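Peer 1: The following file, input.csv, comprises CSV, C-alpha atoms:
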chain,number,residue,atom,x,y,z
A,51,MET,CA,18.7,-1.2,17.1
A,52,VAL,CA,18.0,-3.5,14.1
A,53,THR,CA,20.6,-3.5,11.4
A,54,ALA,CA,20.7,-5.0,7.9
A,55,ALA,CA,22.6,-8.0,9.2
A,56,ASP,CA,24.5,-8.8,12.3
A,57,PRO,CA,28.1,-10.0,11.8
A,58,GLY,CA,28.1,-13.7,11.0
A,59,GLU,CA,24.4,-14.0,11.2
A,60,THR,CA,22.4,-15.9,8.5
A,61,ARG,CA,18.7,-14.9,8.5
A,62,THR,CA,15.9,-16.1,6.4
A,63,SER,CA,12.9,-13.9,5.7
A,64,VAL,CA,9.7,-14.9,7.5
A,65,TRP,CA,8.0,-14.7,4.1
A,66,LEU,CA,10.3,-17.4,2.8
A,67,THR,CA,9.8,-20.0,5.5
A,68,SER,CA,6.9,-22.0,6.8
A,69,ARG,CA,6.6,-22.9,10.4
A,70,PRO,CA,5.7,-26.6,11.0
A,71,ALA,CA,2.4,-27.0,12.9
A,72,ALA,CA,2.9,-27.8,16.5
A,73,PRO,CA,1.7,-31.2,17.7
A,74,ALA,CA,-1.8,-31.2,19.1
A,75,ARG,CA,-0.7,-31.8,22.7
A,76,ARG,CA,1.6,-28.8,22.5
A,77,ARG,CA,-0.9,-26.6,20.9
A,78,THR,CA,-3.1,-27.0,24.0
A,79,GLU,CA,-0.2,-25.6,26.0
A,80,ALA,CA,-0.1,-22.4,24.0
A,81,PRO,CA,-1.2,-19.2,25.8
A,82,SER,CA,-4.9,-18.5,25.2
A,83,GLY,CA,-6.1,-15.3,23.6
A,84,LEU,CA,-3.0,-14.9,21.4
A,85,ASP,CA,-2.5,-15.3,17.7
A,86,ARG,CA,0.0,-13.9,15.2
A,87,GLU,CA,-2.4,-11.1,14.1
A,88,ARG,CA,-2.8,-9.8,17.6
A,89,ILE,CA,0.9,-10.0,18.3
A,90,THR,CA,1.7,-8.2,15.1
A,91,ALA,CA,-0.8,-5.4,15.8
A,92,ALA,CA,0.7,-5.0,19.3
A,93,THR,CA,4.2,-4.8,17.8
A,94,VAL,CA,3.1,-1.9,15.5
A,95,ARG,CA,1.6,-0.1,18.5
A,96,LEU,CA,4.7,-0.6,20.6
A,97,LEU,CA,7.0,0.5,17.8
A,98,ASP,CA,4.9,3.6,17.3
A,99,ALA,CA,4.9,4.5,21.0
A,100,GLU,CA,8.6,3.7,21.9
A,101,GLY,CA,10.5,3.4,18.7
A,102,LEU,CA,12.6,0.7,17.1
A,103,ALA,CA,15.6,1.2,19.4
A,104,ARG,CA,13.6,0.3,22.6
A,105,PHE,CA,11.7,-2.6,21.1
A,106,SER,CA,12.1,-6.0,22.7
A,107,MET,CA,10.2,-9.2,23.0
A,108,ARG,CA,10.1,-8.7,26.7
A,109,ARG,CA,8.5,-5.3,26.5
A,110,LEU,CA,6.0,-6.6,23.9
A,111,ALA,CA,5.1,-9.5,26.1
A,112,ALA,CA,4.6,-7.2,29.1
A,113,GLY,CA,2.1,-5.1,27.1
A,114,LEU,CA,0.2,-8.2,26.1
A,115,GLY,CA,0.2,-9.6,29.7
A,116,VAL,CA,2.1,-12.8,28.8
A,117,THR,CA,5.6,-14.1,29.2
A,118,ALA,CA,8.2,-13.4,26.5
A,119,MET,CA,8.5,-17.1,25.8
A,120,SER,CA,4.8,-17.2,24.9
A,121,LEU,CA,5.4,-15.1,21.8
A,122,TYR,CA,7.7,-17.8,20.4
A,123,TRP,CA,4.7,-20.1,19.9
A,124,TYR,CA,3.8,-17.8,17.0
A,125,VAL,CA,7.1,-16.4,15.7
A,126,ASP,CA,10.6,-17.9,15.6
A,127,THR,CA,12.6,-14.7,16.2
A,128,LYS,CA,12.2,-11.0,16.9
A,129,HIS,CA,13.3,-10.3,13.3
A,130,ASP,CA,10.3,-12.3,12.0
A,131,LEU,CA,8.0,-10.2,14.1
A,132,LEU,CA,9.5,-7.0,12.8
A,133,GLU,CA,9.0,-8.2,9.2
A,134,LEU,CA,5.4,-8.9,10.0
A,135,ALA,CA,4.9,-5.5,11.5
A,136,LEU,CA,6.6,-3.8,8.5
A,137,ASP,CA,4.2,-5.4,6.1
A,138,ARG,CA,1.2,-4.6,8.2
A,139,ALA,CA,2.1,-0.9,8.2
A,140,LEU,CA,2.4,-1.0,4.4
A,141,GLY,CA,-1.1,-2.3,4.2
A,142,GLU,CA,-2.6,0.7,5.9
A,143,PHE,CA,-3.5,2.7,2.8
A,144,ALA,CA,-5.6,1.8,-0.2
A,145,LEU,CA,-3.8,1.4,-3.4
A,146,PRO,CA,-5.1,3.5,-6.3
A,147,ALA,CA,-7.4,1.7,-8.6
A,148,VAL,CA,-7.1,1.8,-12.4
A,149,PRO,CA,-10.5,2.9,-13.8
A,150,PRO,CA,-11.8,0.9,-16.7
A,151,GLY,CA,-10.6,2.3,-20.0
A,152,ALA,CA,-8.1,4.7,-18.3
A,153,GLY,CA,-5.3,3.7,-20.6
A,154,GLU,CA,-2.4,6.0,-20.5
A,155,ALA,CA,-4.4,9.1,-19.5
A,156,GLY,CA,-4.4,9.2,-15.7
A,157,TRP,CA,-1.1,7.6,-14.6
A,158,PRO,CA,0.5,10.8,-13.2
A,159,GLY,CA,-2.3,11.5,-10.8
A,160,ARG,CA,-2.4,7.8,-9.7
A,161,LEU,CA,1.3,7.8,-9.1
A,162,GLN,CA,1.0,11.0,-7.0
A,163,THR,CA,-1.7,9.2,-4.9
A,164,LEU,CA,0.5,6.1,-4.5
A,165,ALA,CA,3.5,8.1,-3.5
A,166,ARG,CA,1.7,10.4,-1.0
A,167,GLY,CA,0.1,7.3,0.6
A,168,TYR,CA,3.6,5.8,1.1
A,169,ARG,CA,4.9,9.0,2.5
A,170,ARG,CA,2.0,9.1,5.1
A,171,VAL,CA,3.0,5.6,6.2
A,172,LEU,CA,6.6,6.8,6.7
A,173,ALA,CA,5.4,9.8,8.6
A,174,ASP,CA,3.0,7.8,10.8
A,175,HIS,CA,5.6,5.0,11.5
A,176,PRO,CA,9.1,6.3,11.6
A,177,TRP,CA,10.4,2.8,12.2
A,178,VAL,CA,9.2,1.6,8.7
A,179,ALA,CA,12.1,3.3,6.8
A,180,PRO,CA,14.9,1.6,8.7
A,181,LEU,CA,13.1,-1.7,8.5
A,182,THR,CA,12.7,-1.5,4.7
A,183,ALA,CA,16.5,-1.1,4.5
A,184,ALA,CA,17.1,-4.0,6.9
A,185,TYR,CA,14.7,-6.6,5.5
A,186,PRO,CA,13.8,-7.9,2.1
A,187,ASN,CA,10.3,-6.3,2.3
A,188,ILE,CA,8.6,-9.0,0.3
A,189,GLY,CA,5.4,-9.5,2.3
A,190,PRO,CA,2.0,-9.5,0.6
A,191,HIS,CA,1.3,-5.8,1.1
A,192,ALA,CA,4.7,-4.9,-0.1
A,193,ARG,CA,4.2,-7.0,-3.2
A,194,ALA,CA,0.8,-5.5,-3.8
A,195,PHE,CA,2.3,-2.0,-3.6
A,196,ASP,CA,5.0,-2.9,-6.1
A,197,ALA,CA,2.4,-4.5,-8.4
A,198,ALA,CA,0.4,-1.2,-8.3
A,199,LEU,CA,3.5,0.7,-9.2
A,200,GLN,CA,4.2,-1.7,-12.1
A,201,ARG,CA,0.7,-1.1,-13.4
A,202,LEU,CA,1.2,2.6,-13.3
A,203,LEU,CA,4.4,2.3,-15.2
A,204,ASP,CA,2.7,0.1,-17.8
A,205,ALA,CA,0.4,3.1,-18.4
A,206,THR,CA,3.3,5.4,-19.1
A,207,GLY,CA,4.1,3.6,-22.4
A,208,LEU,CA,7.7,3.2,-21.5
A,209,ALA,CA,9.4,-0.1,-22.5
A,210,ASP,CA,12.4,-2.2,-21.7
A,211,ALA,CA,15.4,-0.3,-20.2
A,212,ALA,CA,13.4,3.0,-19.9
A,213,ARG,CA,10.7,1.4,-18.0
A,214,THR,CA,13.1,-0.4,-15.7
A,215,GLY,CA,14.9,2.9,-15.1
A,216,ALA,CA,11.6,4.6,-14.2
A,217,HIS,CA,10.7,1.8,-11.7
A,218,LEU,CA,14.2,2.2,-10.1
A,219,ALA,CA,13.9,6.0,-10.0
A,220,VAL,CA,10.4,5.9,-8.3
A,221,SER,CA,11.4,3.1,-5.9
A,222,GLN,CA,14.6,4.9,-4.8
A,223,PHE,CA,12.8,8.2,-4.5
A,224,LEU,CA,10.2,6.7,-2.1
A,225,GLN,CA,12.8,4.8,-0.1
A,226,GLY,CA,14.9,7.9,0.1
A,227,CYS,CA,12.1,9.8,1.6
A,228,GLY,CA,12.3,7.8,4.8
A,229,GLY,CA,15.1,9.8,6.4
A,230,ALA,CA,13.8,13.1,5.2
A,231,VAL,CA,10.1,12.7,5.7
A,232,ARG,CA,10.0,14.6,9.0
A,233,ARG,CA,12.4,17.3,7.8
A,234,ALA,CA,10.8,18.1,4.5
A,235,SER,CA,7.3,19.5,4.2
A,236,GLU,CA,4.7,17.8,2.2
A,237,ALA,CA,4.8,20.7,-0.2
A,238,ASP,CA,8.5,20.0,-0.8
A,239,PHE,CA,7.8,16.3,-1.2
A,240,CYS,CA,5.1,17.0,-3.8
A,241,LEU,CA,7.4,19.4,-5.7
A,242,ALA,CA,10.1,16.7,-5.9
A,243,LEU,CA,7.5,14.2,-7.0
A,244,ASP,CA,6.3,16.5,-9.7
A,245,VAL,CA,9.8,16.9,-11.0
A,246,LEU,CA,10.2,13.1,-11.1
A,247,ILE,CA,6.9,12.6,-12.9
A,248,ALA,CA,7.8,15.3,-15.4
A,249,GLY,CA,11.0,13.4,-16.1
A,250,ILE,CA,9.1,10.2,-16.8
A,251,GLU,CA,6.7,12.1,-19.0
A,252,THR,CA,9.5,13.6,-21.0
A,253,LYS,CA,11.1,10.2,-21.5
A,254,ALA,CA,7.7,8.6,-22.3
A,255,GLY,CA,6.7,11.2,-24.9
A,256,PRO,CA,9.2,10.4,-27.7
A,257,GLU,CA,8.8,6.6,-27.1
A,258,ALA,CA,5.0,6.9,-27.4
A,259,LYS,CA,5.3,9.0,-30.6
A,260,ALA,CA,7.8,6.5,-32.1
A,261,ARG,CA,5.5,3.6,-31.2
A,262,SER,CA,2.5,5.3,-32.8
A,263,GLU,CA,4.5,6.0,-36.0
A,264,ASP,CA,5.6,2.4,-36.1
A,265,GLN,CA,2.0,1.2,-35.8
A,266,ALA,CA,0.7,3.6,-38.4
A,267,ARG,CA,3.4,2.8,-41.0
A,268,PRO,CA,2.2,-0.7,-41.9
A,269,GLU,CA,-1.4,0.7,-42.3
A,270,ALA,CA,-0.1,3.5,-44.6
A,271,GLU,CA,1.9,1.0,-46.7
A,272,ALA,CA,-1.0,-1.3,-47.1
A,273,ARG,CA,-3.6,1.3,-48.0
A,274,PRO,CA,-2.5,2.1,-51.6
A,275,GLU,CA,-2.8,-1.6,-52.6
A,276,ALA,CA,-6.2,-1.9,-50.9
A,277,ASP,CA,-7.5,1.3,-52.6
A,278,ALA,CA,-6.2,0.5,-56.1
A,279,GLN,CA,-8.9,0.3,-58.7
A,280,PRO,CA,-8.7,-2.0,-61.8
A,281,VAL,CA,-7.9,-0.2,-65.0
A,282,ALA,CA,-10.6,-0.6,-67.7
Taking this structure as input, can you express it in the form of structure tokens?
Peer 2:
Amino acid sequence: MVTAADPGETRTSVWLTSRPAAPARRRTEAPSGLDRERITAATVRLLDAEGLARFSMRRLAAGLGVTAMSLYWYVDTKHDLLELALDRALGEFALPAVPPGAGEAGWPGRLQTLARGYRRVLADHPWVAPLTAAYPNIGPHARAFDAALQRLLDATGLADAARTGAHLAVSQFLQGCGGAVRRASEADFCLALDVLIAGIETKAGPEAKARSEDQARPEAEARPEADAQPVA
């Protein structure tokens, strides 16, 4: 079973390292028909079929019809491969687009779409939740997901500490769904999500009103001077 860190182990994320290119002579010795994408896709299928506890490089290699050592032409460690599989799973659903001119109007619905898509990934791939706890989760699809969440929070009108708190609340809510996703119904999940969104709306309302008043005050103060007429 993969844990956050084995005792005494120092591990660097696959997304923070670059593998040096193998010499041309050695590249010709690499097994044909393999590449990192194919190996990652096979990893996802094996994890779906047998679970995280039974995953091994030997079992993965057997499914691909190669030796376990062949896989190390493309990844340095099993942990690297699990990180790649995690990010591939997170890329399975389309992130909600922001329509032109949407402004602050539609963010609750887009947040619901984003959260439900994430829940489907957790339901389809039970191994994703423990891996998000074990690894930094900073691959391109994970970063795209967080960027989409940041854009949604921009639309709430929250600022500074309140916006940071909302981001933390949503992130922890989604990560916390991992262990409960198979126990709680989708209706229960949506109810909890509605409560979270209502809390953000409650917090955002006074801030938006105060911001609107601050913007209107300089205009009101400038108007009497602009409208003044010379006295005959």
Peer 1: Under the rule that all atoms listed in the file are counted, which of A:Leu202, A:Leu241, A:Val94, A:Ala248 is the nearest residue to Arg138 in chain A?
Peer 2: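 With all atoms listed in the file as the atom set, the closest residue is A:Val94.
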Peer 1: Here is a test: counting all atoms listed in the file, which residue of A:Lys253, A:Cys240, A:Ala197, A:Ala183 is nearest to Ala216 in chain A?
Peer 2: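 Looking only at the distances to Ala216 in chain A, the closest residue turns out to be A:Lys253.
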Peer 1: For CA of Arg193 in chain A and CA of Ser221 in chain A, quote the distance in Å rounded to one decimal.
Peer 2: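 Spanning CA of Arg193 in chain A to CA of Ser221 in chain A is a straight-line distance of 12.7 Å.
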Peer 1: List as a PyMOL selection string the protein and nucleic acid residues near Glu142 in chain A, meaning an atom at most 10 Å away when only C-alpha atoms are counted, but skip any in the same chain fewer than 6 places from it.
Peer 2: chain A and resi 167-168+170-171+191
Peer 1: Using all atoms listed in the file, find the one residue out of A:Gln200, A:Thr90, A:Thr214, A:Gln225 that sits nearest to Pro180 in chain A.
Peer 2: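 Residue with the minimum atom-to-atom distance to Pro180 in chain A: A:Gln225.
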Peer 1: Dig up all the protein and nucleic acid residues within 10 Å of (-0.7, -0.2, 14.4) in the file frame, using only C-alpha atoms, and format them as a list in words.
Peer 2: Thr90, Ala91, Ala92, Thr93, Val94, Arg95, Leu96, Leu97, Asp98, Ala99, Ala135, Arg138, Ala139, Glu142, Asp174 and His175 of chain A
Peer 1: Write out as a CSV table (one decimal) with C-alpha atoms, in the frame of the given file which residues come within 12 Å of Ala219 in chain A when counting all atoms listed in the file, dropping same-chain ones fewer than 3 positions away.
Peer 2:
chain,number,residue,atom,x,y,z
A,199,LEU,CA,3.5,0.7,-9.2
A,203,LEU,CA,4.4,2.3,-15.2
A,212,ALA,CA,13.4,3.0,-19.9
A,213,ARG,CA,10.7,1.4,-18.0
A,214,THR,CA,13.1,-0.4,-15.7
A,215,GLY,CA,14.9,2.9,-15.1
A,216,ALA,CA,11.6,4.6,-14.2
A,222,GLN,CA,14.6,4.9,-4.8
A,223,PHE,CA,12.8,8.2,-4.5
A,224,LEU,CA,10.2,6.7,-2.1
A,225,GLN,CA,12.8,4.8,-0.1
A,226,GLY,CA,14.9,7.9,0.1
A,243,LEU,CA,7.5,14.2,-7.0
A,245,VAL,CA,9.8,16.9,-11.0
A,246,LEU,CA,10.2,13.1,-11.1
A,247,ILE,CA,6.9,12.6,-12.9
A,249,GLY,CA,11.0,13.4,-16.1
A,250,ILE,CA,9.1,10.2,-16.8
Peer 1: Contacts of Pro146 in chain A at 9 Å or less, counting all atoms listed in the file, minus same-chain residues fewer than 3 places along, as a list in words?
Peer 2: Arg160, Leu161, Thr163, Leu164 and Ala198 of chain A
Peer 1: Which residue is closest to Thr117 in chain A? Choose from A:Phe195, A:Ala242, A:Ala165, A:Leu84 and count only C-alpha atoms.
Peer 2: A:Leu84
Peer 1: Nearest residue to Thr206 in chain A out of A:Trp177, A:Tyr124, A:Trp157, A:Trp65, using only C-alpha atoms?
Peer 2: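 Of A:Trp177, A:Tyr124, A:Trp157, A:Trp65, the one nearest Thr206 in chain A, counting only C-alpha atoms, is A:Trp157.
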Peer 1: In Å, how far is it from CA of Cys227 in chain A to CA of Arg169 in chain A?
Peer 2: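 According to the coordinates, CA of Cys227 in chain A and CA of Arg169 in chain A are separated by 7.3 Å.
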Peer 1: Just how far from CA of Ser63 in chain A is CA of Tyr185 in chain A, in Å to one decimal?
Peer 2: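 A separation of 7.5 Å between them.
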Peer 1: Box in all listed atoms of range 202-213 of chain A, axis-aligned, with 3 Å more on each side; write out centre and edge lengths in Å to one decimal as JSON.
Peer 2:
{"center_x": 7.9, "center_y": 1.6, "center_z": -17.9, "size_x": 21.0, "size_y": 13.6, "size_z": 15.2}
Peer 1: Which is closest to Ala205 in chain A among A:Ala118, A:Pro158, A:Ser106, A:Arg61, if we use all atoms listed in the file?
Peer 2: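 Once distances to Ala205 in chain A are computed over all atoms listed in the file, the minimum belongs to A:Pro158.
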Peer 1: List the neighbours of Thr182 in chain A out to 10 Å using all atoms listed in the file; skip same-chain residues closer than 2 positions along the sequence, and give me the result as a list in words.
Peer 2: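 In the requested form, the answer reads Ala54, Glu133, Leu136, Asp137, Trp177, Val178, Ala179, Pro180, Ala184, Tyr185, Pro186, Asn187, Ile188, Ala192, Gln225 and Gly228 of chain A.
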